[in-house]
Amino acid sequence: MSLALIQESAKEARRLAIAGSPLAVGDFRLKKMIAPMEQAGAKVPVFAQVAKAIGDVVNGKEADSAANLLNLSTLLNAILYTQGQSGADGDYRELEAFATSCSSTRTPARVLKPLVQALTTTGGGRFEIVKSACERGAFNDLRLIDPAIQALGDIYPELADLVANKILPGYGPGIVPRLKATLDLKGKKSDARKLGLMHQLDPAGTLELCKTALEDGSPEVKAAAIACLGKHEECLPLVLEQVNAKNKLLRAAALEALAEHDRPVTNVELHISRVMLSLQKC
Amino acid sequence: MQIDEAFVDSQAPNAAAIKNARGVVLKKKLVGLFHSADGTLLFGDCRGSGAENYRPSADFGDPTKPVYRCTCPSHQFPCKHSLALLYAHAQGAKFLEKDIPADITDKRAKVQQRVEKKKEEADKPHKVNTSALKKKIQTQLEGISLLESLVNDLMRAGLGTLNAKSARQVEEQAKQLGNAYLPGAQNALHALTGLFYRSQISSEDELKASERERIYSAALDQLNRLQSLCKQGRKYLNCRLEDPELKPETETDIAAWLGHAWQLRELKDAGLLQPGVELLQLAFNSHDDWTRREFVETGVWLNLQSGAVQLTRNYRPYHAAKHIREDDSCFHIVACPELCVYPGNLNPRVRWEASEPRPVTKADQVRAREHAKADLRAVIKDVKTQLKSPLGDRHPLALLKYRALGRAGEDIIIEDQTGERLVLADDTYDGEPATLPLLAMLPKAVQHDQVMLVRFHHDLDSQKLRAKPLSIVTETDVIRLTY
């Protein structure tokens, strides 16, 4: 079957339906299709039917143009519906799997729907819905992972923090690739939360990413990276450098991260840095 | 009768009732819990805001049709007190044996009388007022003419002239179709006009040029459907006008397209009844269909006897939404003594009057998997046959057995035993969430030799037939990807 001929006719029918059916009467582009259609119709009867339908449109009265054009379009669409491409070529590859620690999908829709709405929209009363669902253990559902990730950027920070601290860690390291896919190092607080969460779930795997974030990230993401790097002793020199950073946010993050390490050497270095900083200010 | 929390959830009229009922149990407001000697009645006393305790009860005299009663003034059935009683039972609270209260015995007798009366009426031959029916059909034919002139006017003016404002004007004119007993045709027209504006009336309801370009093919297809509806509808109504004794058509779904609300009695009379059927729900979706101005809850069920994939639809118009029970996901096997099947194509709509839930067993899962179609080529052929019919469902569903789920190039595919492939892709049908991203989060075991419920969709612009994964049926569970 010459599918190209049918597709071409369908395109013309669509064009005329947009422009208005009276223009189809005597349309030369449509007229041009009749001869090849009739030729193809000798072998495949359906082409002859299409040729006749085109003839009715082109040679018919203007008053009947709407019905004739719809008849033609119905016939063409019916043929095209039988010719849809459903397969794909190429070698078979396994699907990359990031199995999460939850594969249940037994939450009823009536529970799930308001919860997803609370996580993905704005407005009052959402925090209570999410909090009570979290306490009931209703988040044990695969379908809530993506809405929860979306809620990391919620305009209500308490909600975003609740999701980052209580809800998403429960799904395990399987969600790290999902978080990484939408992570923007130059982004805002939501990306900082994502980085912190990724590090919490997979500390070794995200170490390099944290270092990159410290170099290229936005201040919020840098601050999150400092907090993450502060948990690795070998990265403490990087954190120490940030104690003298111009940005208050970064200084605070560095000091907070260092406060976790109560070791004499760190205290001495920190003391020296602080003294130098105060000297610079003087 | 096994009462677990999932069963109680399914009995609640809405989500708020579940929350409130659980609150009643937590606050220990149930001060007396009793059951009858035969175990068919649960009743109790519940503290409320009034001076006297409320007396909720749950009557399982007929397990397929439980009756909930309460002395509280709530208009919801079952009310939170009756639900709380069931939750207490499901959570293992101790119920004492007690005689059935006299008022409930009286009410049971009245129910029995009503059932017998209904049975008698059902046996009586149903009289049809032929002159009224003829008048109705005449009005419907006039409505069909109106629809035809609307469709022709749209075609003459061209789809390019249709915008948010004119689409709404067409809808105003289409109100006459509702008055002409053609609500189905009216909805079909709304499906067309709804393409041209956004759901919320605002200053930004007009579509952008790029968005308009994408909807023209779908709009033209919908116009084709409307024209076919006019042709087939007129033919069908003329046949009925000549012979008013003629029953509604059951070979095709033209009656539903025109908006005929099938009564269970009509379906039974037409022989569209299947006795002793068990159904397993494979997927559930609820969405706000703003073109119909209704909330629509759709359940996709597997008929464990015939293997057919069938649908339940619960329509709740905006103005009556509060008073109609909101349907929910079902995690039980639903055993129906009588299942009524609507006329239709691959996935007919079904309804039942009475049903009894029972837990899903491993044998049910095995049975469900056995019903899956192993030959992808044959399924795709059936789907295309349905799609080419102008009034055929554009989103047929099928339960498929696959050898492998994976990638071919950039596409995610499933492959059957013969190596035939089907590309999976998301669509935005019925406001459902995307399901492809979830596939990577599933255990690796689902990638080989499993069974998947898919919904097909054909894109007229790209000429591609794609399928959206809705659920995966494993040996132990149904993994649902939508809600």
# chains A, B, ... in the order shown; residues from 1 in each chain; ligands from 1

call {"tool": "closest_atom_pairs", "arguments": {"of": "chain A", "to": "chain B", "cutoff": "8 Å", "atoms": "only C-alpha atoms", "output": "CSV"}}
result
residue,atom,partner,partner_atom,distance
A:Arg14,CA,B:Ser217,CA,7.0
A:Leu16,CA,B:Gly158,CA,7.5
A:Ala17,CA,B:Gly158,CA,5.4
A:Ile18,CA,B:Leu159,CA,4.3
A:Ala19,CA,B:Gly158,CA,4.8
A:Gly20,CA,B:Gly158,CA,3.5
A:Ser21,CA,B:Arg156,CA,4.8
A:Pro22,CA,B:Arg156,CA,6.1
A:Ser65,CA,B:Arg156,CA,7.5
A:Ala66,CA,B:Asn152,CA,5.3
A:Ala67,CA,B:Asn152,CA,6.6
A:Leu70,CA,B:Asn224,CA,5.9
A:Asn71,CA,B:Asn224,CA,7.6
A:Ser73,CA,B:Asn224,CA,7.0
A:Thr74,CA,B:Asn224,CA,5.4
A:Asn77,CA,B:Lys388,CA,7.3
A:Ala78,CA,B:Lys388,CA,4.3
A:Ile79,CA,B:Lys388,CA,6.8
A:Leu80,CA,B:Gln463,CA,7.3
A:Tyr81,CA,B:Lys388,CA,5.4
A:Thr82,CA,B:Lys384,CA,5.1
A:Gln83,CA,B:Gln463,CA,7.4
A:Gly84,CA,B:Lys464,CA,4.7
A:Gln85,CA,B:Lys464,CA,4.6
A:Ser86,CA,B:Leu465,CA,4.8
A:Gly87,CA,B:Leu422,CA,4.8
A:Ala88,CA,B:Ala408,CA,6.5
A:Asp89,CA,B:Ala408,CA,6.4
A:Gly90,CA,B:Ala408,CA,5.1
A:Asp91,CA,B:Ala408,CA,5.6
A:Tyr92,CA,B:Ala408,CA,5.0
A:Arg93,CA,B:Arg407,CA,5.0
A:Glu94,CA,B:Gly406,CA,4.7
A:Leu95,CA,B:Gly406,CA,4.5
A:Glu96,CA,B:Ala440,CA,6.1
A:Ala97,CA,B:Ala440,CA,4.6
A:Phe98,CA,B:Met441,CA,5.1
A:Ala99,CA,B:Met441,CA,4.6
A:Thr100,CA,B:Met441,CA,5.9
A:Ser103,CA,B:Leu442,CA,6.3
A:Ser104,CA,B:Ile479,CA,7.1
A:Thr105,CA,B:Arg480,CA,5.6
A:Arg106,CA,B:Phe331,CA,7.7
A:Pro108,CA,B:Ser329,CA,5.2
A:Ala109,CA,B:Tyr483,CA,5.3
A:Arg110,CA,B:Ala15,CA,5.8
A:Val111,CA,B:Ala15,CA,6.8
A:Leu112,CA,B:Tyr483,CA,7.4
A:Lys113,CA,B:Tyr483,CA,7.4
A:Leu142,CA,B:Leu438,CA,7.5
A:Arg143,CA,B:Leu481,CA,6.7
A:Gly174,CA,B:Met441,CA,7.1
A:Ile175,CA,B:Met441,CA,7.8

call {"tool": "residues_around", "arguments": {"residues": "Ile34 of chain A", "least_positions_apart": "2", "cutoff": "7 Å", "atoms": "only C-alpha atoms", "output": "list in words"}}
result
Lys31, Lys32, Pro36, Met37, Glu38, Ala51, Ile54 and Gly55 of chain A

call {"tool": "write_last_selection", "arguments": {"atoms": "all heavy atoms", "output": "CSV table (one decimal), in the first residue's frame"}}
result
chain,number,residue,atom,x,y,z
A,31,LYS,N,-6.8,17.9,-6.3
A,31,LYS,CA,-7.2,17.4,-7.6
A,31,LYS,C,-6.0,16.5,-8.1
A,31,LYS,O,-6.3,15.5,-8.8
A,31,LYS,CB,-7.5,18.5,-8.5
A,31,LYS,CG,-8.6,18.3,-9.5
A,31,LYS,CD,-8.8,19.6,-10.2
A,31,LYS,CE,-10.2,19.6,-10.9
A,31,LYS,NZ,-10.5,20.9,-11.4
A,32,LYS,N,-4.8,17.0,-7.8
A,32,LYS,CA,-3.6,16.3,-8.3
A,32,LYS,C,-3.5,14.8,-7.8
A,32,LYS,O,-2.9,14.0,-8.4
A,32,LYS,CB,-2.4,17.0,-7.9
A,32,LYS,CG,-1.8,17.9,-9.0
A,32,LYS,CD,-0.4,18.4,-8.7
A,32,LYS,CE,0.1,18.5,-7.3
A,32,LYS,NZ,1.2,19.3,-7.0
A,36,PRO,N,-3.1,9.5,-9.4
A,36,PRO,CA,-2.4,8.4,-8.8
A,36,PRO,C,-3.2,7.5,-7.9
A,36,PRO,O,-3.0,6.3,-7.8
A,36,PRO,CB,-1.3,9.1,-8.0
A,36,PRO,CG,-1.7,10.5,-7.9
A,36,PRO,CD,-2.6,10.8,-9.0
A,37,MET,N,-4.2,8.1,-7.3
A,37,MET,CA,-5.1,7.3,-6.4
A,37,MET,C,-5.9,6.3,-7.3
A,37,MET,O,-6.0,5.1,-6.9
A,37,MET,CB,-6.1,8.1,-5.7
A,37,MET,CG,-5.6,8.8,-4.5
A,37,MET,SD,-5.3,7.7,-3.1
A,37,MET,CE,-4.8,8.9,-1.9
A,38,GLU,N,-6.4,6.7,-8.4
A,38,GLU,CA,-7.1,5.8,-9.3
A,38,GLU,C,-6.2,4.7,-9.8
A,38,GLU,O,-6.6,3.5,-9.9
A,38,GLU,CB,-7.8,6.6,-10.4
A,38,GLU,CG,-9.1,7.3,-10.0
A,38,GLU,CD,-9.6,8.2,-11.1
A,38,GLU,OE1,-8.9,8.5,-12.0
A,38,GLU,OE2,-10.8,8.6,-10.9
A,51,ALA,N,-10.1,7.9,-4.1
A,51,ALA,CA,-10.1,8.7,-5.3
A,51,ALA,C,-11.5,9.3,-5.5
A,51,ALA,O,-11.7,10.4,-5.9
A,51,ALA,CB,-9.7,7.9,-6.5
A,54,ILE,N,-12.2,12.0,-3.0
A,54,ILE,CA,-11.5,13.2,-3.3
A,54,ILE,C,-12.3,13.9,-4.5
A,54,ILE,O,-12.5,15.1,-4.5
A,54,ILE,CB,-10.1,13.0,-3.8
A,54,ILE,CG1,-9.3,12.5,-2.5
A,54,ILE,CG2,-9.4,14.3,-4.3
A,54,ILE,CD1,-7.8,12.1,-2.9
A,55,GLY,N,-12.7,13.1,-5.5
A,55,GLY,CA,-13.5,13.6,-6.6
A,55,GLY,C,-14.8,14.3,-6.1
A,55,GLY,O,-15.1,15.4,-6.6

call {"tool": "closest_residue", "arguments": {"among": "A:Lys11, A:Lys188, A:Lys180, A:Lys131", "to": "Leu162 of chain A", "atoms": "only C-alpha atoms"}}
result
A:Lys131

call {"tool": "atom_distance", "arguments": {"atom1": "atom CA of Lys248 of chain A", "atom2": "atom CA of Leu168 of chain A"}}
result
28.9 Å

call {"tool": "closest_residue", "arguments": {"among": "A:Ala225, A:Leu185, A:Cys210, A:Cys102", "to": "Gly172 of chain A", "atoms": "only C-alpha atoms"}}
result
A:Cys102

call {"tool": "residues_around", "arguments": {"residues": "segment 44-48 of chain B", "least_positions_apart": "2", "cutoff": "9 Å", "atoms": "only C-alpha atoms", "output": "PyMOL selection string"}}
result
chain B and resi 24+28-35+42+50-57+72+81-82+85+95

call {"tool": "residues_around", "arguments": {"residues": "Asp375 of chain B", "least_positions_apart": "4", "cutoff": "10 Å", "atoms": "only C-alpha atoms", "output": "list of chain:residue names"}}
result
B:Val379, B:Ile380, B:Leu400, B:Lys401, B:Tyr402, B:Glu415, B:Asp416, B:Gln417, B:Thr418, B:Gly419, B:Glu420

call {"tool": "select_by_dssp", "arguments": {"residues": "segment 379-449 of chain B", "states": "helix (DSSP H, G or I)", "output": "number ranges by chain"}}
result
B: 379-388, 429-431, 436-439, 444-447

call {"tool": "write_last_selection", "arguments": {"atoms": "C-alpha atoms", "output": "mmCIF file, in the first residue's frame"}}
result
data_model
loop_
_atom_site.group_PDB
_atom_site.id
_atom_site.type_symbol
_atom_site.label_atom_id
_atom_site.label_comp_id
_atom_site.auth_asym_id
_atom_site.auth_seq_id
_atom_site.Cartn_x
_atom_site.Cartn_y
_atom_site.Cartn_z
ATOM 1 C CA VAL B 379 -3.544 -7.934 19.812
ATOM 2 C CA ILE B 380 -2.273 -5.016 17.724
ATOM 3 C CA LYS B 381 -4.419 -6.210 14.809
ATOM 4 C CA ASP B 382 -7.526 -6.246 17.034
ATOM 5 C CA VAL B 383 -6.663 -2.797 18.371
ATOM 6 C CA LYS B 384 -6.277 -1.367 14.870
ATOM 7 C CA THR B 385 -9.591 -2.896 13.801
ATOM 8 C CA GLN B 386 -11.257 -1.078 16.659
ATOM 9 C CA LEU B 387 -9.423 2.188 16.005
ATOM 10 C CA LYS B 388 -10.476 2.346 12.367
ATOM 11 C CA TYR B 429 -5.337 10.717 28.850
ATOM 12 C CA ASP B 430 -7.737 11.351 31.745
ATOM 13 C CA GLY B 431 -5.160 13.460 33.587
ATOM 14 C CA LEU B 436 7.327 5.258 32.259
ATOM 15 C CA PRO B 437 9.675 6.791 34.883
ATOM 16 C CA LEU B 438 8.313 4.304 37.438
ATOM 17 C CA LEU B 439 9.427 1.278 35.402
ATOM 18 C CA LYS B 444 14.484 -6.149 38.184
ATOM 19 C CA ALA B 445 12.264 -9.237 38.204
ATOM 20 C CA VAL B 446 9.542 -7.327 36.343
ATOM 21 C CA GLN B 447 11.757 -7.036 33.278
#

call {"tool": "residues_around", "arguments": {"residues": "Gly187 of chain A", "least_positions_apart": "4", "cutoff": "10 Å", "atoms": "only C-alpha atoms", "output": "list in words"}}
result
Leu183, Asp191, Ala192, Gly217, Ser218, Pro219, Glu220 and Val221 of chain A

call {"tool": "write_last_selection", "arguments": {"atoms": "N, CA and C atoms", "output": "CSV table (one decimal), in the first residue's frame"}}
result
chain,number,residue,atom,x,y,z
A,183,LEU,N,18.7,17.6,39.1
A,183,LEU,CA,19.6,18.5,39.9
A,183,LEU,C,20.2,19.6,39.0
A,191,ASP,N,17.5,22.6,45.0
A,191,ASP,CA,18.6,21.8,44.5
A,191,ASP,C,19.6,21.5,45.7
A,192,ALA,N,19.7,22.5,46.6
A,192,ALA,CA,20.6,22.3,47.7
A,192,ALA,C,20.0,21.1,48.6
A,217,GLY,N,28.8,25.7,42.0
A,217,GLY,CA,27.4,25.8,42.4
A,217,GLY,C,27.0,27.2,42.8
A,218,SER,N,25.6,27.4,42.9
A,218,SER,CA,25.1,28.6,43.4
A,218,SER,C,25.4,28.6,44.9
A,219,PRO,N,25.3,29.8,45.6
A,219,PRO,CA,25.6,29.9,47.0
A,219,PRO,C,24.8,28.8,47.8
A,220,GLU,N,23.5,28.6,47.5
A,220,GLU,CA,22.7,27.6,48.3
A,220,GLU,C,23.2,26.2,48.1
A,221,VAL,N,23.6,25.9,46.9
A,221,VAL,CA,24.1,24.6,46.6
A,221,VAL,C,25.5,24.4,47.2

call {"tool": "residues_around", "arguments": {"residues": "segment 323-325 of chain B", "least_positions_apart": "2", "cutoff": "6 Å", "atoms": "only C-alpha atoms", "output": "ChimeraX atom specification"}}
result
/B:13,320-321

call {"tool": "write_last_selection", "arguments": {"atoms": "N, CA and C atoms", "output": "tab-separated table (two decimals), in the first residue's frame"}}
result
chain	number	residue	atom	x	y	z
B	13	PRO	N	-18.05	6.54	51.96
B	13	PRO	CA	-18.50	7.36	50.82
B	13	PRO	C	-17.42	8.30	50.29
B	320	ALA	N	-23.76	17.46	41.92
B	320	ALA	CA	-24.25	16.41	42.82
B	320	ALA	C	-23.11	15.59	43.40
B	321	ALA	N	-21.88	16.08	43.21
B	321	ALA	CA	-20.71	15.28	43.59
B	321	ALA	C	-20.71	14.87	45.05

call {"tool": "residues_around", "arguments": {"residues": "Leu209 of chain A", "least_positions_apart": "5", "cutoff": "12 Å", "atoms": "only C-alpha atoms", "output": "PyMOL selection string"}}
result
chain A and resi 180+183-185+194-196+198-199+202-204+214-217+221-222+224-226+228-229

call {"tool": "atom_distance", "arguments": {"atom1": "atom CA of Asp161 of chain A", "atom2": "atom CA of Leu255 of chain A"}}
result
21.3 Å

call {"tool": "decode", "arguments": {"residues": "segment 82-101 of chain B", "atoms": "N, CA, C and O atoms", "output": "CSV table (one decimal), in the first residue's frame"}}
result
chain,number,residue,atom,x,y,z
B,82,SER,N,-20.9,4.2,61.9
B,82,SER,CA,-21.0,2.8,61.3
B,82,SER,C,-19.6,2.3,60.9
B,82,SER,O,-19.2,1.2,61.1
B,83,LEU,N,-18.9,3.2,60.2
B,83,LEU,CA,-17.5,2.9,59.7
B,83,LEU,C,-16.6,2.6,60.9
B,83,LEU,O,-15.8,1.6,60.9
B,84,ALA,N,-16.7,3.4,61.9
B,84,ALA,CA,-15.9,3.2,63.1
B,84,ALA,C,-16.1,1.8,63.7
B,84,ALA,O,-15.2,1.2,64.2
B,85,LEU,N,-17.4,1.4,63.7
B,85,LEU,CA,-17.8,0.1,64.2
B,85,LEU,C,-17.0,-1.0,63.5
B,85,LEU,O,-16.5,-1.9,64.0
B,86,LEU,N,-17.0,-0.8,62.1
B,86,LEU,CA,-16.3,-1.8,61.3
B,86,LEU,C,-14.8,-1.8,61.5
B,86,LEU,O,-14.1,-2.8,61.5
B,87,TYR,N,-14.2,-0.5,61.6
B,87,TYR,CA,-12.8,-0.4,61.9
B,87,TYR,C,-12.4,-1.1,63.2
B,87,TYR,O,-11.4,-1.8,63.3
B,88,ALA,N,-13.3,-0.9,64.2
B,88,ALA,CA,-13.0,-1.5,65.5
B,88,ALA,C,-13.0,-3.0,65.4
B,88,ALA,O,-12.1,-3.7,65.9
B,89,HIS,N,-13.9,-3.6,64.5
B,89,HIS,CA,-14.0,-5.0,64.3
B,89,HIS,C,-12.7,-5.5,63.5
B,89,HIS,O,-12.1,-6.5,63.9
B,90,ALA,N,-12.3,-4.7,62.5
B,90,ALA,CA,-11.2,-5.1,61.7
B,90,ALA,C,-9.9,-5.0,62.6
B,90,ALA,O,-9.0,-5.8,62.3
B,91,GLN,N,-9.9,-4.1,63.5
B,91,GLN,CA,-8.7,-4.0,64.4
B,91,GLN,C,-8.6,-5.0,65.5
B,91,GLN,O,-7.8,-4.9,66.4
B,92,GLY,N,-9.7,-5.8,65.6
B,92,GLY,CA,-9.7,-6.9,66.6
B,92,GLY,C,-10.3,-6.5,67.9
B,92,GLY,O,-10.0,-7.2,68.9
B,93,ALA,N,-11.1,-5.5,68.0
B,93,ALA,CA,-11.7,-5.1,69.3
B,93,ALA,C,-12.7,-6.2,69.7
B,93,ALA,O,-13.2,-7.0,68.8
B,94,LYS,N,-13.0,-6.3,71.0
B,94,LYS,CA,-13.8,-7.4,71.4
B,94,LYS,C,-15.3,-7.0,71.3
B,94,LYS,O,-15.7,-6.0,71.9
B,95,PHE,N,-16.1,-7.9,70.7
B,95,PHE,CA,-17.5,-7.7,70.5
B,95,PHE,C,-18.2,-8.7,71.4
B,95,PHE,O,-17.9,-9.9,71.3
B,96,LEU,N,-19.2,-8.2,72.1
B,96,LEU,CA,-19.9,-9.2,73.0
B,96,LEU,C,-21.2,-9.6,72.3
B,96,LEU,O,-21.8,-8.9,71.5
B,97,GLU,N,-21.6,-10.9,72.6
B,97,GLU,CA,-22.8,-11.4,72.0
B,97,GLU,C,-24.1,-10.8,72.7
B,97,GLU,O,-24.1,-10.7,73.9
B,98,LYS,N,-25.0,-10.4,71.9
B,98,LYS,CA,-26.2,-9.7,72.4
B,98,LYS,C,-27.4,-10.0,71.5
B,98,LYS,O,-27.2,-10.1,70.3
B,99,ASP,N,-28.6,-9.9,72.0
B,99,ASP,CA,-29.8,-10.1,71.1
B,99,ASP,C,-29.9,-8.9,70.2
B,99,ASP,O,-29.6,-7.8,70.5
B,100,ILE,N,-30.5,-9.2,69.0
B,100,ILE,CA,-30.7,-8.2,68.0
B,100,ILE,C,-31.7,-7.2,68.5
B,100,ILE,O,-32.8,-7.6,69.0
B,101,PRO,N,-31.4,-5.9,68.6
B,101,PRO,CA,-32.4,-4.9,69.0
B,101,PRO,C,-33.7,-5.0,68.2
B,101,PRO,O,-33.7,-5.3,67.0
